[in-house]
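The file query.tsv contains TSV, C-alpha atoms:
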```
chain	number	residue	atom	x	y	z
O	659	MET	CA	2.75	18.88	12.90
O	660	LEU	CA	3.49	16.27	10.25
O	661	VAL	CA	3.33	12.61	11.27
O	662	GLY	CA	4.59	9.95	8.84
O	663	TYR	CA	3.37	6.44	8.17
O	664	ALA	CA	5.40	3.97	6.11
O	665	ARG	CA	4.37	0.43	5.22
O	666	VAL	CA	6.03	-2.42	3.40
O	667	SER	CA	4.11	-5.54	2.47
O	668	THR	CA	6.58	-8.28	3.33
O	669	LEU	CA	9.18	-8.85	6.00
O	670	ASP	CA	12.07	-8.88	3.51
O	671	GLN	CA	11.20	-5.41	2.15
O	672	ASN	CA	12.83	-2.28	3.52
O	673	ALA	CA	10.94	0.93	4.34
O	674	SER	CA	13.99	3.21	4.11
O	675	LEU	CA	12.92	4.78	0.79
O	676	GLN	CA	9.64	5.81	2.41
O	677	THR	CA	11.10	6.90	5.74
O	678	ASP	CA	13.79	8.99	3.99
O	679	ALA	CA	11.08	10.78	1.97
O	680	LEU	CA	8.94	11.29	5.09
O	681	GLU	CA	11.90	12.75	7.01
O	682	PHE	CA	12.73	15.04	4.08
O	683	ALA	CA	9.08	16.20	4.03
O	684	GLY	CA	9.47	17.30	7.66
O	685	CYS	CA	7.73	14.52	9.61
O	686	LYS	CA	8.53	14.80	13.31
O	687	ARG	CA	7.38	11.25	14.09
O	688	ILE	CA	7.26	8.25	11.74
O	689	PHE	CA	5.39	4.98	12.29
O	690	VAL	CA	6.68	1.99	10.28
O	691	GLU	CA	4.69	-1.18	9.57
O	692	LYS	CA	5.47	-4.48	7.91
O	693	ALA	CA	2.09	-5.83	6.83
O	694	SER	CA	0.01	-6.31	3.72
O	695	GLY	CA	-2.27	-3.38	2.94
O	696	SER	CA	-5.19	-5.76	2.68
O	697	HIS	CA	-4.94	-6.56	6.40
O	698	GLN	CA	-7.48	-4.65	8.43
O	699	ASP	CA	-5.39	-4.94	11.61
O	700	ARG	CA	-2.35	-2.70	11.27
O	701	PRO	CA	-1.16	-1.69	14.76
O	702	GLN	CA	1.27	0.99	13.59
O	703	LEU	CA	-1.37	2.71	11.45
O	704	THR	CA	-3.73	2.64	14.43
O	705	ALA	CA	-0.96	4.10	16.63
O	706	ALA	CA	-0.25	6.84	14.07
O	707	LEU	CA	-3.94	7.75	13.81
O	708	ASP	CA	-4.29	7.78	17.61
O	709	TYR	CA	-1.21	9.99	17.89
O	710	LEU	CA	-2.58	12.66	15.52
O	711	ARG	CA	-4.39	15.69	16.94
O	712	GLU	CA	-6.69	18.22	15.30
O	713	GLY	CA	-4.85	20.42	12.83
O	714	GLU	CA	-2.08	17.86	12.24
O	715	THR	CA	-1.34	15.96	9.04
O	716	LEU	CA	-0.64	12.30	8.34
O	717	VAL	CA	1.95	11.97	5.58
O	718	VAL	CA	2.39	8.85	3.46
O	719	TRP	CA	4.78	8.22	0.60
O	720	LYS	CA	2.10	6.77	-1.69
O	721	LEU	CA	-1.66	6.37	-1.26
O	722	SER	CA	-1.41	2.58	-1.59
O	723	ARG	CA	0.68	2.55	1.61
O	724	LEU	CA	-2.35	3.74	3.57
O	725	ALA	CA	-4.77	1.06	2.35
O	726	ARG	CA	-5.40	-1.25	-0.61
O	727	SER	CA	-9.16	-0.99	-1.06
O	728	LEU	CA	-11.10	2.10	-2.01
O	729	LYS	CA	-13.55	1.54	0.82
O	730	GLN	CA	-10.77	1.22	3.39
O	731	VAL	CA	-8.83	4.29	2.27
O	732	ILE	CA	-11.93	6.49	1.99
O	733	GLN	CA	-13.15	5.39	5.43
O	734	THR	CA	-9.74	6.10	6.97
O	735	VAL	CA	-9.51	9.56	5.41
O	736	GLN	CA	-13.13	10.36	6.32
O	737	ASP	CA	-12.44	9.41	9.95
O	738	MET	CA	-9.35	11.65	9.87
O	739	HIS	CA	-11.33	14.52	8.32
O	740	ASN	CA	-14.00	14.22	11.05
O	741	ARG	CA	-11.22	14.65	13.63
O	742	GLY	CA	-9.73	17.67	11.84
O	743	VAL	CA	-6.71	15.72	10.59
O	744	SER	CA	-5.44	16.04	7.00
O	745	LEU	CA	-3.67	13.59	4.70
O	746	LYS	CA	-0.69	14.39	2.52
O	747	VAL	CA	0.56	11.93	-0.12
O	748	LEU	CA	4.07	12.76	-1.29
O	749	THR	CA	4.38	10.97	-4.64
O	750	GLN	CA	0.90	11.92	-5.84
O	751	ASN	CA	0.92	15.50	-4.53
O	752	ILE	CA	-2.35	15.05	-2.62
O	753	ASP	CA	-3.25	17.29	0.29
O	754	THR	CA	-6.75	16.78	1.73
O	755	SER	CA	-6.65	20.08	3.61
O	756	THR	CA	-8.02	21.76	0.43
O	757	PRO	CA	-11.20	21.04	-1.58
O	758	GLU	CA	-9.09	20.37	-4.69
O	759	GLY	CA	-6.89	18.00	-2.72
O	760	ARG	CA	-9.91	16.06	-1.47
O	761	LEU	CA	-11.24	15.75	-5.04
O	762	PHE	CA	-7.87	14.56	-6.32
O	763	PHE	CA	-7.63	12.14	-3.40
O	764	HIS	CA	-10.93	10.46	-4.34
O	765	MET	CA	-9.96	10.22	-8.01
O	766	THR	CA	-6.54	8.79	-7.21
O	767	ALA	CA	-7.95	6.30	-4.71
O	768	ALA	CA	-10.40	5.02	-7.32
O	769	PHE	CA	-7.64	4.62	-9.91
O	770	ASP	CA	-5.38	2.82	-7.39
O	771	GLU	CA	-8.12	0.31	-6.60
O	772	PHE	CA	-8.84	-0.16	-10.31
O	773	GLN	CA	-5.16	-0.88	-10.96
O	774	ARG	CA	-5.01	-3.41	-8.11
O	775	GLU	CA	-8.15	-5.17	-9.38
O	776	LEU	CA	-6.64	-5.40	-12.88
O	777	ILE	CA	-3.50	-7.01	-11.48
O	778	VAL	CA	-5.56	-9.55	-9.52
O	779	GLU	CA	-7.77	-10.25	-12.56
O	780	ASN	CA	-4.77	-10.75	-14.85
O	781	THR	CA	-3.07	-13.04	-12.33
O	782	ARG	CA	-6.19	-15.17	-12.02
O	783	ALA	CA	-6.58	-15.34	-15.81
O	784	GLY	CA	-2.95	-16.42	-16.19
O	785	LEU	CA	-3.32	-19.13	-13.55
O	786	ALA	CA	-6.55	-20.38	-15.17
O	787	ALA	CA	-4.84	-20.53	-18.59
O	788	SER	CA	-1.94	-22.49	-17.06
O	789	ARG	CA	-4.33	-24.93	-15.38
O	790	LYS	CA	-6.07	-25.43	-18.72
O	791	ARG	CA	-2.72	-26.51	-20.16
O	792	GLY	CA	-2.26	-28.96	-17.30
O	793	ARG	CA	0.05	-26.87	-15.13
O	794	ARG	CA	-0.72	-26.47	-11.46
O	795	GLY	CA	2.05	-24.08	-10.47
O	796	ALA	CA	5.65	-24.78	-9.72
O	797	ASP	CA	6.48	-27.99	-7.91
O	798	PRO	CA	9.84	-27.08	-6.35
O	799	VAL	CA	10.99	-30.68	-5.86
O	800	ARG	CA	10.14	-31.73	-9.40
O	801	TRP	CA	11.49	-28.46	-10.84
O	802	MET	CA	14.83	-28.88	-9.08
O	803	THR	CA	15.02	-32.55	-10.12
O	804	GLU	CA	14.26	-31.72	-13.75
O	805	LYS	CA	16.68	-28.80	-13.70
O	806	SER	CA	19.53	-30.89	-12.30
O	807	ALA	CA	18.79	-33.68	-14.80
O	808	ALA	CA	18.94	-31.28	-17.74
O	809	PRO	CA	22.08	-31.46	-19.87
O	810	LYS	CA	24.74	-28.93	-18.91
O	811	PRO	CA	25.62	-26.30	-21.53
O	812	CYS	CA	29.01	-26.67	-23.18
```

The structure given in the file should be rewritten as structure tokens.
Amino acid sequence: MLVGYARVSTLDQNASLQTDALEFAGCKRIFVEKASGSHQDRPQLTAALDYLREGETLVVWKLSRLARSLKQVIQTVQDMHNRGVSLKVLTQNIDTSTPEGRLFFHMTAAFDEFQRELIVENTRAGLAASRKRGRRGADPVRWMTEKSAAPKPC
């Protein structure tokens, strides 16, 4: 049996893209979560993992939906493997029920974490450069006041 798990990071995001793909893949049950992947406590993921039985497969749209850190995703998949449960990742064509799939899973997980760390590093560098120039981020009140005081285009 295929069991789906979809996650969006913020409350204003919609999981329909993921749930449509999971339904199309043949998932009989889908668990949907609205929480950041960096949160350790994700009740719907826990429920999905508890629901799975030996020989079944957890299906996710993208590996980053399962977890954001390499340690977290590897631990989750290892726990699943120990229980006889496989992972299938739709967009990255990963299937941990095969040796090749497990190898590709580990490589992809490492690249996903590397990409996330680059984004965080670049964001921090940009904020530091802005602070060096005297900027401390957007001040909404001042920004709105300055914007409304600006001359109107003709």

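Take the candidates O:Gly759, O:Gly784, O:Gly662, O:Gly792 and check each one against Glu691 (chain O) using only C-alpha atoms; the shortest distance goes to O:Gly662.
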
Self-check item: CA of Glu771 (chain O) to CA of Ser727 (chain O), distance in Å rounded to a single decimal
Solution: 5.8 Å

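Restricting the calculation to only C-alpha atoms, the smallest distance between Phe763 (chain O) and any of O:Ile777, O:Ala725, O:Val661, O:Val731 is found for O:Val731.
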
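Between Ser667 (chain O) and the residues O:Ser788, O:Thr704, O:Ser722, O:Gln730, the shortest atom-to-atom distance, using all atoms listed in the file, involves O:Ser722.
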
Exercise. Rank O:Asn672, O:Tyr663, O:Ile688, O:Leu716 by their smallest atom-to-atom distance to Arg700 (chain O), using only C-alpha atoms, and report the top residue only.
Key: O:Tyr663

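Closest approach to Glu712 (chain O) from the set O:Val666, O:Met738, O:Ala679, O:Val743 is made by O:Val743, with distances taken over all atoms listed in the file.
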
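Near Gln750 (chain O), within a cut-off of 10 Å and counting only C-alpha atoms, sit the residues O:Val718, O:Trp719, O:Lys720, O:Leu721, O:Lys746, O:Val747, O:Asp753, O:Phe762, O:Phe763, O:Thr766, with same-chain residues fewer than 3 positions away left out.
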
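For Pro701 (chain O), the non-local neighbours within 10 Å, defined as residues at least 2 positions apart in the same chain or in other chains and counting only C-alpha atoms, are Phe689, Val690, Glu691, Lys692, Ala693, Gln698, Asp699, Leu703, Thr704, Ala705, Ala706 and Leu707 of chain O.
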
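Between CA of Asn751 (chain O) and CA of Phe769 (chain O) there is a distance of 14.9 Å.
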
Can you put N, CA, C and O atoms back into region 764-780 of chain O and show it as a short mmCIF file (atom, residue, chain, number, x, y, z; two decimals), keeping the file's coordinate frame?
```cif
data_model
loop_
_atom_site.label_atom_id
_atom_site.label_comp_id
_atom_site.auth_asym_id
_atom_site.auth_seq_id
_atom_site.Cartn_x
_atom_site.Cartn_y
_atom_site.Cartn_z
N HIS O 764 -9.90 11.44 -3.98
CA HIS O 764 -10.93 10.46 -4.34
C HIS O 764 -10.67 9.88 -5.73
O HIS O 764 -10.84 8.68 -5.95
N MET O 765 -10.25 10.71 -6.66
CA MET O 765 -9.96 10.22 -8.01
C MET O 765 -8.77 9.26 -7.99
O MET O 765 -8.82 8.18 -8.59
N THR O 766 -7.73 9.63 -7.28
CA THR O 766 -6.54 8.79 -7.21
C THR O 766 -6.82 7.47 -6.50
O THR O 766 -6.36 6.41 -6.93
N ALA O 767 -7.59 7.52 -5.44
CA ALA O 767 -7.95 6.30 -4.71
C ALA O 767 -8.71 5.34 -5.61
O ALA O 767 -8.48 4.13 -5.60
N ALA O 768 -9.63 5.86 -6.40
CA ALA O 768 -10.40 5.02 -7.32
C ALA O 768 -9.50 4.39 -8.36
O ALA O 768 -9.61 3.20 -8.67
N PHE O 769 -8.57 5.16 -8.91
CA PHE O 769 -7.64 4.62 -9.91
C PHE O 769 -6.71 3.57 -9.29
O PHE O 769 -6.40 2.56 -9.92
N ASP O 770 -6.24 3.80 -8.06
CA ASP O 770 -5.38 2.82 -7.39
C ASP O 770 -6.10 1.49 -7.20
O ASP O 770 -5.53 0.42 -7.42
N GLU O 771 -7.37 1.55 -6.77
CA GLU O 771 -8.12 0.31 -6.60
C GLU O 771 -8.35 -0.38 -7.94
O GLU O 771 -8.22 -1.60 -8.05
N PHE O 772 -8.66 0.39 -8.97
CA PHE O 772 -8.84 -0.16 -10.31
C PHE O 772 -7.57 -0.88 -10.77
O PHE O 772 -7.64 -2.01 -11.29
N GLN O 773 -6.43 -0.27 -10.57
CA GLN O 773 -5.16 -0.88 -10.96
C GLN O 773 -4.92 -2.19 -10.20
O GLN O 773 -4.53 -3.20 -10.79
N ARG O 774 -5.19 -2.19 -8.91
CA ARG O 774 -5.01 -3.41 -8.11
C ARG O 774 -5.93 -4.52 -8.59
O ARG O 774 -5.54 -5.68 -8.71
N GLU O 775 -7.19 -4.17 -8.90
CA GLU O 775 -8.15 -5.17 -9.38
C GLU O 775 -7.72 -5.73 -10.74
O GLU O 775 -7.91 -6.92 -11.00
N LEU O 776 -7.15 -4.91 -11.59
CA LEU O 776 -6.64 -5.40 -12.88
C LEU O 776 -5.50 -6.40 -12.69
O LEU O 776 -5.44 -7.42 -13.36
N ILE O 777 -4.62 -6.10 -11.75
CA ILE O 777 -3.50 -7.01 -11.48
C ILE O 777 -4.03 -8.35 -10.98
O ILE O 777 -3.61 -9.41 -11.44
N VAL O 778 -4.98 -8.31 -10.05
CA VAL O 778 -5.56 -9.55 -9.52
C VAL O 778 -6.27 -10.32 -10.63
O VAL O 778 -6.11 -11.54 -10.77
N GLU O 779 -7.05 -9.61 -11.46
CA GLU O 779 -7.77 -10.25 -12.56
C GLU O 779 -6.81 -10.90 -13.56
O GLU O 779 -7.02 -12.03 -13.99
N ASN O 780 -5.75 -10.20 -13.91
CA ASN O 780 -4.77 -10.75 -14.85
C ASN O 780 -4.04 -11.95 -14.27
O ASN O 780 -3.76 -12.92 -14.97
#
```
